[in-house]
Every structure is written in structure tokens, then in C-alpha cells.
>>> print(open('run.csv').read())   # CSV, C-alpha atoms
chain,number,residue,atom,x,y,z
A,1,MET,CA,44.3,128.4,223.8
A,2,LYS,CA,45.6,128.2,220.2
A,3,SER,CA,46.1,131.5,218.4
A,4,ARG,CA,43.9,132.5,215.4
A,5,ARG,CA,47.0,132.0,213.2
A,6,THR,CA,47.5,128.4,214.4
A,7,PHE,CA,43.8,127.6,213.9
A,8,LEU,CA,43.9,128.9,210.3
A,9,ALA,CA,47.0,126.9,209.6
A,10,LEU,CA,45.5,123.7,210.9
A,11,ALA,CA,42.3,124.3,208.9
A,12,THR,CA,44.3,124.9,205.7
A,13,LEU,CA,46.2,121.6,206.2
A,14,ALA,CA,42.9,119.7,206.8
A,15,ALA,CA,41.4,121.2,203.7
A,16,SER,CA,44.5,120.3,201.6
A,17,ALA,CA,44.4,116.7,202.9
A,18,LEU,CA,40.7,116.4,202.1
A,19,PHE,CA,41.4,117.7,198.5
A,20,ALA,CA,44.3,115.3,198.0
A,21,SER,CA,42.1,112.3,199.0
A,22,ALA,CA,39.5,113.0,196.2
A,23,PRO,CA,39.5,110.2,193.6
A,24,ALA,CA,41.8,111.1,190.7
A,25,ASN,CA,39.6,109.3,188.1
A,26,CYS,CA,36.4,111.2,188.9
A,27,LEU,CA,34.7,112.7,185.8
A,28,ALA,CA,32.4,114.9,187.8
A,29,ALA,CA,33.0,118.6,188.3
A,30,ASP,CA,32.3,120.3,191.6
A,31,THR,CA,28.7,121.6,191.0
A,32,GLN,CA,29.5,124.7,193.0
A,33,ALA,CA,32.7,125.6,191.2
A,34,ALA,CA,32.5,123.8,187.8
A,35,PRO,CA,35.2,124.9,185.4
A,36,LYS,CA,34.0,126.4,182.2
A,37,THR,CA,36.1,124.1,180.1
A,38,VAL,CA,36.5,120.4,180.5
A,39,PRO,CA,40.1,119.4,181.4
A,40,SER,CA,42.1,117.5,178.9
A,41,ALA,CA,42.5,114.5,181.2
A,42,VAL,CA,38.7,114.2,181.4
A,43,MET,CA,38.4,114.6,177.6
A,44,GLU,CA,40.9,111.7,177.2
A,45,LYS,CA,38.9,109.5,179.6
A,46,ILE,CA,35.7,110.2,177.7
A,47,TYR,CA,37.4,109.3,174.4
A,48,ASN,CA,38.6,106.0,175.9
A,49,GLU,CA,35.1,105.3,177.1
A,50,VAL,CA,33.3,106.0,173.9
A,51,LYS,CA,35.7,104.9,171.1
A,52,THR,CA,34.6,102.2,168.7
A,53,PRO,CA,37.6,100.9,166.8
A,54,HIS,CA,35.7,97.8,165.3
A,55,LYS,CA,33.6,98.4,162.2
A,56,TYR,CA,30.8,95.9,161.9
A,57,GLY,CA,29.7,97.2,158.6
A,58,ILE,CA,26.3,98.1,157.0
A,59,VAL,CA,23.2,97.3,159.0
A,60,LEU,CA,20.5,98.9,156.9
A,61,LYS,CA,19.9,100.0,153.3
A,62,ALA,CA,16.9,102.0,152.1
A,63,ASP,CA,16.6,99.7,149.1
A,64,ASP,CA,18.7,96.6,148.6
A,65,LYS,CA,18.4,96.8,144.8
A,66,ASN,CA,18.7,100.5,144.2
A,67,PRO,CA,21.7,102.3,145.8
A,68,ARG,CA,20.4,105.7,144.6
A,69,ILE,CA,17.8,105.6,147.3
A,70,ALA,CA,19.5,106.7,150.4
A,71,ALA,CA,19.1,105.8,154.1
A,72,ASP,CA,20.3,108.4,156.5
A,73,SER,CA,20.3,109.8,160.1
A,74,PRO,CA,19.5,106.9,162.4
A,75,SER,CA,17.8,107.3,165.8
A,76,VAL,CA,17.8,104.2,167.9
A,77,PHE,CA,15.7,103.6,171.1
A,78,ARG,CA,14.6,100.7,173.2
A,79,ALA,CA,11.0,99.6,174.0
A,80,ASN,CA,9.2,96.4,174.7
A,81,GLU,CA,12.4,94.4,175.0
A,82,LYS,CA,13.3,95.4,171.4
A,83,TRP,CA,15.3,98.0,169.7
A,84,TYR,CA,13.7,100.4,167.2
A,85,MET,CA,15.4,102.7,164.6
A,86,THR,CA,13.9,105.7,162.9
A,87,TYR,CA,15.8,106.7,159.8
A,88,ILE,CA,15.2,108.9,156.8
A,89,VAL,CA,15.0,108.0,153.2
A,90,PHE,CA,15.8,110.2,150.2
A,91,ASP,CA,14.5,109.1,146.8
A,92,GLY,CA,15.1,112.2,144.8
A,93,ARG,CA,11.9,113.9,145.7
A,94,GLY,CA,12.7,114.6,149.3
A,95,TYR,CA,12.9,113.1,152.8
A,96,GLU,CA,10.5,110.7,154.4
A,97,THR,CA,10.9,109.0,157.8
A,98,HIS,CA,10.8,105.2,158.3
A,99,LEU,CA,10.9,102.8,161.2
A,100,ALA,CA,12.8,99.5,161.7
A,101,GLU,CA,13.1,97.0,164.6
A,102,SER,CA,15.8,94.6,165.9
A,103,THR,CA,16.4,92.2,168.8
A,104,ASN,CA,20.2,92.4,168.7
A,105,LEU,CA,21.1,95.8,167.2
A,106,LEU,CA,22.8,94.1,164.3
A,107,ASP,CA,19.9,92.6,162.2
A,108,TRP,CA,17.1,95.1,161.3
A,109,LYS,CA,13.6,94.5,159.9
A,110,LYS,CA,12.0,97.4,158.1
A,111,LEU,CA,8.5,98.2,159.4
A,112,GLY,CA,7.4,101.1,157.2
A,113,LYS,CA,6.9,104.9,157.1
A,114,ILE,CA,6.0,107.1,160.0
A,115,MET,CA,6.1,110.4,158.1
A,116,SER,CA,5.3,110.5,154.4
A,117,PHE,CA,5.0,113.1,151.6
A,118,THR,CA,1.9,115.3,151.8
A,119,LYS,CA,0.3,117.9,149.6
A,120,SER,CA,0.0,121.7,150.2
A,121,THR,CA,1.7,121.7,153.6
A,122,TRP,CA,4.7,123.7,154.8
A,123,ASP,CA,6.6,120.3,155.0
A,124,ALA,CA,5.1,118.6,151.9
A,125,ASN,CA,8.3,117.2,150.5
A,126,GLN,CA,10.7,117.2,153.4
A,127,LYS,CA,10.1,115.2,156.7
A,128,ALA,CA,13.4,114.1,158.2
A,129,GLY,CA,12.6,112.9,161.7
A,130,TYR,CA,14.8,112.5,164.8
A,131,ILE,CA,13.6,111.0,168.1
A,132,ALA,CA,13.2,113.3,171.1
A,133,LEU,CA,13.2,113.0,174.9
A,134,GLN,CA,15.3,109.8,175.0
A,135,ASP,CA,17.0,108.7,178.2
A,136,TYR,CA,20.5,110.1,177.6
A,137,THR,CA,22.2,108.4,180.6
A,138,TRP,CA,25.3,106.5,179.4
A,139,GLY,CA,24.5,102.8,179.9
A,140,GLY,CA,20.9,103.7,180.7
A,141,SER,CA,17.6,102.5,179.4
A,142,TYR,CA,17.6,104.4,176.1
A,143,SER,CA,13.8,104.5,176.3
A,144,LEU,CA,11.7,107.4,175.2
A,145,GLU,CA,9.9,109.6,177.7
A,146,LYS,CA,6.4,111.1,177.2
A,147,HIS,CA,5.3,114.7,177.2
A,148,ALA,CA,1.6,115.4,177.5
A,149,GLY,CA,0.9,111.7,177.2
A,150,ARG,CA,2.7,111.2,173.9
A,151,TYR,CA,6.1,110.4,172.4
A,152,TRP,CA,7.8,113.1,170.3
A,153,LEU,CA,10.3,113.8,167.6
A,154,SER,CA,11.6,116.8,165.8
A,155,TYR,CA,12.2,117.0,162.1
A,156,LEU,CA,13.7,118.9,159.3
A,157,GLY,CA,10.7,120.1,157.2
A,158,GLY,CA,10.2,121.9,153.9
A,159,ALA,CA,7.8,122.2,151.0
A,160,GLU,CA,10.1,122.1,147.9
A,161,ARG,CA,11.3,119.0,146.1
A,162,GLY,CA,14.9,118.0,145.9
A,163,TYR,CA,17.8,117.6,148.2
A,164,GLU,CA,17.2,120.0,151.1
A,165,LYS,CA,15.8,122.7,148.7
A,166,GLY,CA,14.0,125.9,149.6
A,167,MET,CA,13.0,127.1,153.1
A,168,LEU,CA,13.8,124.5,155.7
A,169,GLY,CA,12.8,124.6,159.4
A,170,VAL,CA,12.1,122.6,162.4
A,171,GLY,CA,8.8,120.8,163.0
A,172,VAL,CA,7.6,118.5,165.8
A,173,ALA,CA,5.4,115.5,165.7
A,174,SER,CA,4.0,113.1,168.3
A,175,THR,CA,2.4,109.6,168.6
A,176,GLU,CA,0.8,107.4,171.2
A,177,ASP,CA,3.0,104.4,170.2
A,178,ALA,CA,6.5,104.9,168.8
A,179,THR,CA,7.0,101.2,168.0
A,180,VAL,CA,4.3,101.1,165.3
A,181,ALA,CA,4.8,102.1,161.7
A,182,LYS,CA,1.9,104.6,161.3
A,183,GLU,CA,1.9,108.3,160.6
A,184,TRP,CA,2.8,110.5,163.5
A,185,THR,CA,0.7,113.5,164.2
A,186,ARG,CA,2.6,116.6,163.0
A,187,HIS,CA,2.1,120.1,164.5
A,188,PRO,CA,0.6,122.1,161.7
A,189,SER,CA,3.3,124.7,161.5
A,190,PRO,CA,7.1,124.9,161.9
A,191,VAL,CA,8.3,125.6,165.4
A,192,MET,CA,11.6,127.2,164.3
A,193,LEU,CA,12.5,129.0,161.0
A,194,PRO,CA,15.5,131.0,159.9
A,195,THR,CA,13.2,133.9,159.4
A,196,ASP,CA,12.0,134.0,163.0
A,197,LYS,CA,12.4,137.4,164.8
A,198,ASP,CA,14.9,136.0,167.2
A,199,ALA,CA,17.0,134.3,164.5
A,200,ARG,CA,20.7,134.8,165.1
A,201,TRP,CA,23.4,135.6,162.6
A,202,TYR,CA,24.5,131.9,162.6
A,203,ASP,CA,21.0,130.4,161.8
A,204,ASN,CA,19.3,133.0,159.6
A,205,HIS,CA,19.8,131.2,156.3
A,206,VAL,CA,19.0,127.4,156.8
A,207,ILE,CA,18.2,125.2,159.8
A,208,TYR,CA,19.0,121.5,159.4
A,209,LYS,CA,18.9,118.6,161.9
A,210,SER,CA,17.7,119.0,165.5
A,211,THR,CA,17.9,116.9,168.7
A,212,ILE,CA,15.8,117.6,171.8
A,213,ILE,CA,16.5,116.4,175.3
A,214,ARG,CA,14.5,116.8,178.5
A,215,ASP,CA,16.7,118.4,181.2
A,216,LYS,CA,14.7,118.0,184.4
A,217,THR,CA,17.2,120.1,186.3
A,218,LYS,CA,16.6,123.0,184.0
A,219,THR,CA,20.3,123.9,183.6
A,220,LEU,CA,19.4,126.5,181.0
A,221,GLY,CA,16.2,127.6,182.8
A,222,HIS,CA,13.9,125.5,180.7
A,223,GLU,CA,12.9,121.8,180.6
A,224,PHE,CA,13.5,121.2,177.0
A,225,VAL,CA,16.7,121.9,175.2
A,226,MET,CA,17.3,121.6,171.4
A,227,PHE,CA,20.6,121.5,169.7
A,228,TYR,CA,20.4,122.1,165.9
A,229,ASN,CA,22.8,122.9,163.1
A,230,ALA,CA,22.3,125.8,160.8
A,231,LYS,CA,23.9,128.3,158.4
A,232,GLY,CA,23.7,132.0,158.6
A,233,LYS,CA,25.5,135.2,157.8
A,234,LYS,CA,26.3,138.5,159.6
A,235,LYS,CA,24.9,141.8,158.3
A,236,HIS,CA,28.1,142.9,156.7
A,237,GLU,CA,28.5,139.7,154.7
A,238,LYS,CA,27.6,140.0,151.1
A,239,HIS,CA,27.0,136.3,150.5
A,240,ASN,CA,25.4,133.5,152.5
A,241,ALA,CA,27.9,132.0,154.8
A,242,GLY,CA,28.8,128.4,154.0
A,243,VAL,CA,29.8,127.5,157.5
A,244,GLU,CA,27.4,125.1,159.4
A,245,ARG,CA,27.4,125.4,163.2
A,246,ILE,CA,25.5,123.8,166.1
A,247,ALA,CA,23.3,126.1,168.1
A,248,THR,CA,20.9,125.9,171.1
A,249,ALA,CA,17.3,126.7,171.7
A,250,VAL,CA,15.0,126.2,174.7
A,251,SER,CA,11.3,125.5,175.4
A,252,ASP,CA,8.8,124.7,178.1
A,253,ASP,CA,6.3,122.9,176.0
A,254,LEU,CA,8.1,121.6,172.8
A,255,ILE,CA,6.0,124.0,170.6
A,256,ASN,CA,7.3,127.4,171.5
A,257,TRP,CA,11.0,127.8,171.2
A,258,LYS,CA,13.5,130.6,171.7
A,259,ARG,CA,17.2,130.8,170.8
A,260,TYR,CA,19.6,130.5,173.8
A,261,GLY,CA,22.5,132.8,173.8
A,262,ASP,CA,24.1,134.8,171.0
A,263,ALA,CA,26.8,132.4,169.9
A,264,PRO,CA,26.9,128.9,168.6
A,265,ALA,CA,27.4,126.0,171.0
A,266,VAL,CA,30.0,124.4,168.6
A,267,ASP,CA,31.7,126.3,165.8
A,268,ASN,CA,34.8,125.0,163.9
A,269,ASN,CA,34.9,128.2,161.8
A,270,SER,CA,34.7,126.4,158.4
A,271,GLY,CA,32.9,123.4,156.8
A,272,ILE,CA,30.2,121.6,158.7
A,273,SER,CA,29.6,120.9,162.4
A,274,GLY,CA,26.3,119.1,162.7
A,275,ASP,CA,23.9,116.4,163.8
A,276,ALA,CA,24.4,116.5,167.5
A,277,PHE,CA,23.5,113.4,169.6
A,278,MET,CA,23.5,113.8,173.4
A,279,ALA,CA,24.7,111.6,176.2
A,280,LYS,CA,25.6,112.1,179.9
A,281,ILE,CA,28.6,110.3,181.4
A,282,ASP,CA,28.6,110.9,185.1
A,283,ASP,CA,28.4,114.8,185.4
A,284,VAL,CA,29.8,115.4,181.9
A,285,TRP,CA,27.5,116.2,179.0
A,286,VAL,CA,28.8,114.6,175.8
A,287,MET,CA,27.7,116.0,172.4
A,288,PHE,CA,28.6,113.6,169.6
A,289,TYR,CA,28.6,115.4,166.3
A,290,PHE,CA,30.1,115.2,162.8
A,291,GLY,CA,32.6,117.4,161.1
A,292,ALA,CA,33.2,117.8,157.4
A,293,PHE,CA,35.6,119.8,155.3
A,294,TRP,CA,37.5,121.6,158.1
A,295,LYS,CA,39.4,118.3,158.0
A,296,PRO,CA,39.3,115.9,155.1
A,297,LYS,CA,36.0,114.3,154.1
A,298,ALA,CA,33.4,113.7,156.9
A,299,PHE,CA,33.9,112.1,160.3
A,300,ASP,CA,32.5,111.8,163.8
A,301,THR,CA,33.9,113.5,166.9
A,302,PHE,CA,32.5,115.0,170.1
A,303,ALA,CA,32.5,117.9,172.6
A,304,CYS,CA,32.0,118.0,176.4
A,305,SER,CA,30.4,120.4,178.8
A,306,TYR,CA,29.5,120.7,182.5
A,307,ASP,CA,26.7,123.2,182.0
A,308,LEU,CA,25.3,122.8,178.4
A,309,LYS,CA,26.7,126.2,177.7
A,310,THR,CA,30.4,126.1,177.4
A,311,TRP,CA,31.7,123.2,175.2
A,312,THR,CA,35.2,121.8,175.0
A,313,LYS,CA,35.9,120.2,171.6
A,314,TRP,CA,37.8,117.0,171.4
A,315,THR,CA,40.9,117.5,169.2
A,316,GLY,CA,42.3,113.9,169.2
A,317,PRO,CA,41.5,111.0,166.9
A,318,ASN,CA,38.2,110.8,165.2
A,319,LEU,CA,35.6,108.4,166.6
A,320,VAL,CA,34.7,107.2,163.1
A,321,GLU,CA,36.2,108.2,159.8
A,322,PRO,CA,36.3,106.8,156.2
A,323,SER,CA,38.2,103.6,155.9
A,324,GLU,CA,36.1,100.9,154.2
A,325,PRO,CA,34.6,100.6,150.7
A,326,TYR,CA,31.1,101.3,152.1
A,327,ASP,CA,32.2,104.5,153.9
A,328,ASN,CA,35.2,105.7,152.0
A,329,THR,CA,33.5,109.0,151.1
A,330,PHE,CA,31.8,109.9,154.3
A,331,ALA,CA,31.5,108.3,157.8
A,332,HIS,CA,29.4,110.7,159.8
A,333,LYS,CA,26.2,111.6,161.7
A,334,PRO,CA,26.7,109.7,165.0
A,335,LEU,CA,24.3,107.8,167.3
A,336,VAL,CA,26.4,106.5,170.2
A,337,PHE,CA,25.4,104.6,173.3
A,338,LYS,CA,26.6,101.8,175.6
A,339,TYR,CA,24.5,98.7,176.2
A,340,LYS,CA,25.6,95.7,178.3
A,341,GLY,CA,29.3,96.8,178.3
A,342,VAL,CA,29.5,97.4,174.5
A,343,VAL,CA,29.5,100.8,172.9
A,344,TYR,CA,27.5,101.0,169.6
A,345,HIS,CA,28.2,103.8,167.2
A,346,PHE,CA,25.6,103.9,164.4
A,347,TYR,CA,26.5,106.3,161.6
A,348,ASN,CA,25.7,107.3,158.0
A,349,ALA,CA,28.1,105.6,155.6
A,350,VAL,CA,28.6,106.9,152.0
A,351,GLY,CA,30.7,104.9,149.6
A,352,LYS,CA,30.5,102.2,147.0
A,353,SER,CA,27.2,100.9,148.4
A,354,GLY,CA,25.5,104.3,148.2
A,355,ARG,CA,24.2,106.1,151.4
A,356,CYS,CA,23.3,103.6,154.1
A,357,ILE,CA,23.4,103.0,157.9
A,358,ALA,CA,26.5,101.4,159.3
A,359,LEU,CA,27.8,100.4,162.8
A,360,ALA,CA,31.1,100.5,164.7
A,361,THR,CA,31.5,99.0,168.1
A,362,SER,CA,33.9,98.9,171.1
A,363,GLU,CA,34.2,95.1,170.8
A,364,ASP,CA,34.7,92.9,167.8
A,365,LEU,CA,31.2,91.6,166.9
A,366,GLY,CA,32.2,90.2,163.5
A,367,LYS,CA,31.3,91.5,160.1
A,368,SER,CA,27.9,92.3,158.5
A,369,LYS,CA,26.8,90.2,155.5
A,370,ILE,CA,25.2,93.3,153.8
A,371,LYS,CA,27.4,94.6,151.0
>>> encode(input="run.csv", output="C-alpha cells")
Amino acid sequence: MKSRRTFLALATLAASALFASAPANCLAADTQAAPKTVPSAVMEKIYNEVKTPHKYGIVLKADDKNPRIAADSPSVFRANEKWYMTYIVFDGRGYETHLAESTNLLDWKKLGKIMSFTKSTWDANQKAGYIALQDYTWGGSYSLEKHAGRYWLSYLGGAERGYEKGMLGVGVASTEDATVAKEWTRHPSPVMLPTDKDARWYDNHVIYKSTIIRDKTKTLGHEFVMFYNAKGKKKHEKHNAGVERIATAVSDDLINWKRYGDAPAVDNNSGISGDAFMAKIDDVWVMFYFGAFWKPKAFDTFACSYDLKTWTKWTGPNLVEPSEPYDNTFAHKPLVFKYKGVVYHFYNAVGKSGRCIALATSEDLGKSKIK
């Protein structure tokens, strides 16, 4: 009979052989022993998967004749064998949310407004909407899921006129048909404000864009997870902090939200980190977001996580950055997905053509005719 020591030695050798046989290119972490940070080799593979070196150009302007009217913050989803884009328009008074459609992701037809200015409401002059509950699977359907029989979005809301003036917070709205340009039904009050009792030091001044995913596995203990960017200050600070960070909130019904944790999800310690867009590549969560002013101008980058809590920031080349006349000031606010083998990276371009929606891709699809 073999001794206990011999048995343990053989078991150790078997385990080592099994580990060595694991595929080297696997992006997934062991779910029982997932590292808190994403290894650099995995980050590099993610970058090579999502990069879009070919700039197609402008795909949508708010007003073809007036560059002072701005288009911003695209959300793109698929339904009825077509593509739809919600985007926001700023005309000097505030934000409204519009809808467009496309059959090829390159040519877009404007359909009209889905959230307009109102009177005497908490969100009278600011309604900047962002689609919620989208299929985040990389190469997936990119369709919208329903909750309580309806489609949903979250939005930046506020009452005052001007560019992001006054008290801003998060609102939610829903509709029976997300492909029709008609007014969405807004919840009558904000669902998150910087004055909430559970506001954190990093979001107690202004809350900006939000994105909501449905996590059926309840990784954070709740079905709905929101990532939002905000400004705040600690008690000892005399002035409002100028740093914008990405934070996390959770909910079970899309209406009642609570902050998750006591630290931002992504913090670059200066400038802006904002406008998260979520994807999942194998077992890796990818948060696309934009950075500004902690490096020159504004650009798109990403961070990765295995658990939606600990995020590893990419420190290599930017995904999109200023390089063309139409985006030579800012190239930022990412919307990134893969469809039929091509990666599409929609972003907000600011340059000689004003503020508009542009596109970069993983393959050369030619050049846009919109100038």
C-alpha cells in the first residue's frame, strides 16, 4: 500500500498537470477564486478585441444647418430587424432626447423626440436619456429587455435652463414601444439626487449620466445595477471638488435606488471619468468610459472587472481620441459593441462641425459623406 506521503505527491502532480493543460487564452476567471484585479495579459486581449482604428466619420447631426445645436450621448439598440439610436439634443435651453433609426448602422433617419421640455416639473428643462436593460453580451442581440411589461431608460434631469445648470439628478422613464418617436412616461420624481440621505462624498454635488444593466445573477445582491458619474466633496474641503468619478448604485425595482459601497468604481483622481457603457466578454465585465483633462483633451478608454466591484483600468492606447477636423477638440462618450464580426464604436465628436455623433470601427467601412 502506498504511503500517505506518496499519495499526496501523486495528487499534487496530477493537479499541476491539470492546471498546465488549461487554455492559455481563456479570459474567464475561476468563479470560486477570481482575482480582484484583471491580469495585464487579459486587459491586452480585451483591448485587441475592442479597438477600432478606422474612423468612419460623422453619422448624425442634430441640425445640418446650425452647428450650434448639439447632438450628444448616443444609445444604440436593435429591434424589428433595424437599429435605433436615442441621442440628446442641446439647443441652448437644455436637453431633450430624440430617436433615429438605421438599417446598416451608418445611415440614420431622424424620427423625432421621445422626451421634450415641460413646464413646472423637476425635469422641466433637462431630459437627457440613456437606454437601460440592454443585452450587454459581446456579439449578442443588443435588444432591450422589459421590466414590468415596459422598456426603460434613465436620464439626467433638472429644472433650470442652460447647460447642465442647477440641481441635476437621475430620473427614469418607460414605454410600451421603444421604436416609436412618442413621449416616454416619466416617473414623476427623481430616483437619485446629490442631496439624498445616503449620498456619498463623491456624489453629493452633481450627478450626471447613468447607465443601468440587469444582472440576473445578482452579483451585487440586486437585479439592477446603475453606474453613474458624479462630482462631490469631502467634509473638510472648502470648495466643491472638480473631479468627476464613476459610482455604483443598486435597485430591485428601478425606482428605489441605494448607493453601493463607499468608494467610486472608477476614479482617476483628476479631471473627468464618465459616461459608462457596459459589455461582457466571456466572464469579464468591460466598462467603456471617457476620460478628460487627466490626460490631454477628451478620449475613450475602458476598465475591466470580474465582480462589478473591483475595476482594473486600462493604461494603454486610447480607444478613440481627437485626430480629425470633426473631433479635434473632444472624441468621447463611448457606445461600443460587436455585430457580425465588426466592432462599432459610436462616440460624441466635438470639432469644426460642432458637437455631433461619430463612428469608428474595427474594419475599414469607408468614409461618411456628412461633413
>>> atom_distance(input="run.csv", atom1="atom CA of A:Glu145", atom2="atom CA of A:Glu96")
23.3 Å
>>> residues_around(input="run.csv", residues="stretch 290-298 of chain A", least_positions_apart="6", cutoff="10 Å", atoms="all atoms listed in the file", output="number ranges by chain")
A: 243-245, 268-277, 318-322, 327-334, 347, 349-350
>>> closest_atom_pairs(input="run.csv", of="stretch 98-152 of chain A", to="stretch 59-67 of chain A", cutoff="10 Å", atoms="only C-alpha atoms", output="tab-separated table")
residue	atom	partner	partner_atom	distance
A:His98	CA	A:Ala62	CA	9.3
A:Ala100	CA	A:Leu60	CA	9.1
A:Leu105	CA	A:Val59	CA	8.6
A:Leu106	CA	A:Val59	CA	6.2
A:Asp107	CA	A:Val59	CA	6.6
A:Trp108	CA	A:Leu60	CA	6.7
A:Lys109	CA	A:Leu60	CA	8.7
A:Lys110	CA	A:Leu60	CA	8.7
>>> residues_near_point(input="run.csv", point="(27.4, 127.0, 166.7)", cutoff="8 Å", atoms="only C-alpha atoms", output="PyMOL selection string")
chain A and resi 202+229-230+244-248+263-267+273
>>> closest_residue(input="run.csv", among="A:Glu363, A:Asp91, A:Asp262, A:Asp123", to="A:Val191", atoms="all atoms listed in the file")
A:Asp123
>>> atom_distance(input="run.csv", atom1="atom CA of A:Gly140", atom2="atom CA of A:His345")
15.3 Å
>>> residues_around(input="run.csv", residues="A:Thr185", least_positions_apart="6", cutoff="10 Å", atoms="only C-alpha atoms", output="PyMOL selection string")
chain A and resi 114-115+152+172-176
>>> residues_near_point(input="run.csv", point="(37.5, 118.8, 173.8)", cutoff="8 Å", atoms="all atoms listed in the file", output="JSON, numbers by chain")
{"A": [38, 40, 43, 302, 303, 304, 311, 312, 313, 314, 315]}
>>> atom_distance(input="run.csv", atom1="atom CA of A:Glu101", atom2="atom CA of A:Pro74")
12.0 Å
>>> closest_residue(input="run.csv", among="A:Asn104, A:Asn80, A:Thr310, A:Thr121", to="A:Pro190", atoms="all atoms listed in the file")
A:Thr121
>>> closest_residue(input="run.csv", among="A:Tyr47, A:Val284, A:Ala249, A:Ser362", to="A:Lys340", atoms="all atoms listed in the file")
A:Ser362
>>> residues_around(input="run.csv", residues="A:Asp198", least_positions_apart="5", cutoff="12 Å", atoms="only C-alpha atoms", output="list in words")
Met192, Leu193, Asp203, Asn204, Ala249, Trp257, Lys258, Arg259, Tyr260, Gly261 and Asp262 of chain A
>>> closest_residue(input="run.csv", among="A:Val180, A:Ile46, A:Val76, A:Leu133", to="A:Ile357", atoms="only C-alpha atoms")
A:Val76
>>> closest_residue(input="run.csv", among="A:His147, A:Lys197, A:Lys338, A:Arg214", to="A:Asp135", atoms="all atoms listed in the file")
A:Arg214
>>> axis_aligned_box(input="run.csv", around="stretch 299-315 of chain A", padding_each_side="5 Å", output="JSON")
{"center_x": 33.1, "center_y": 119.0, "center_z": 171.4, "size_x": 25.6, "size_y": 24.4, "size_z": 32.2}
>>> residues_around(input="run.csv", residues="A:Tyr95", least_positions_apart="2", cutoff="6 Å", atoms="all atoms listed in the file", output="list in words")
Val89, Phe90, Gln126, Lys127 and Ala128 of chain A
>>> residues_around(input="run.csv", residues="A:Phe337", least_positions_apart="6", cutoff="8 Å", atoms="all atoms listed in the file", output="list in words")
Trp138, Gly139, Ala279, Val343, Tyr344 and His345 of chain A
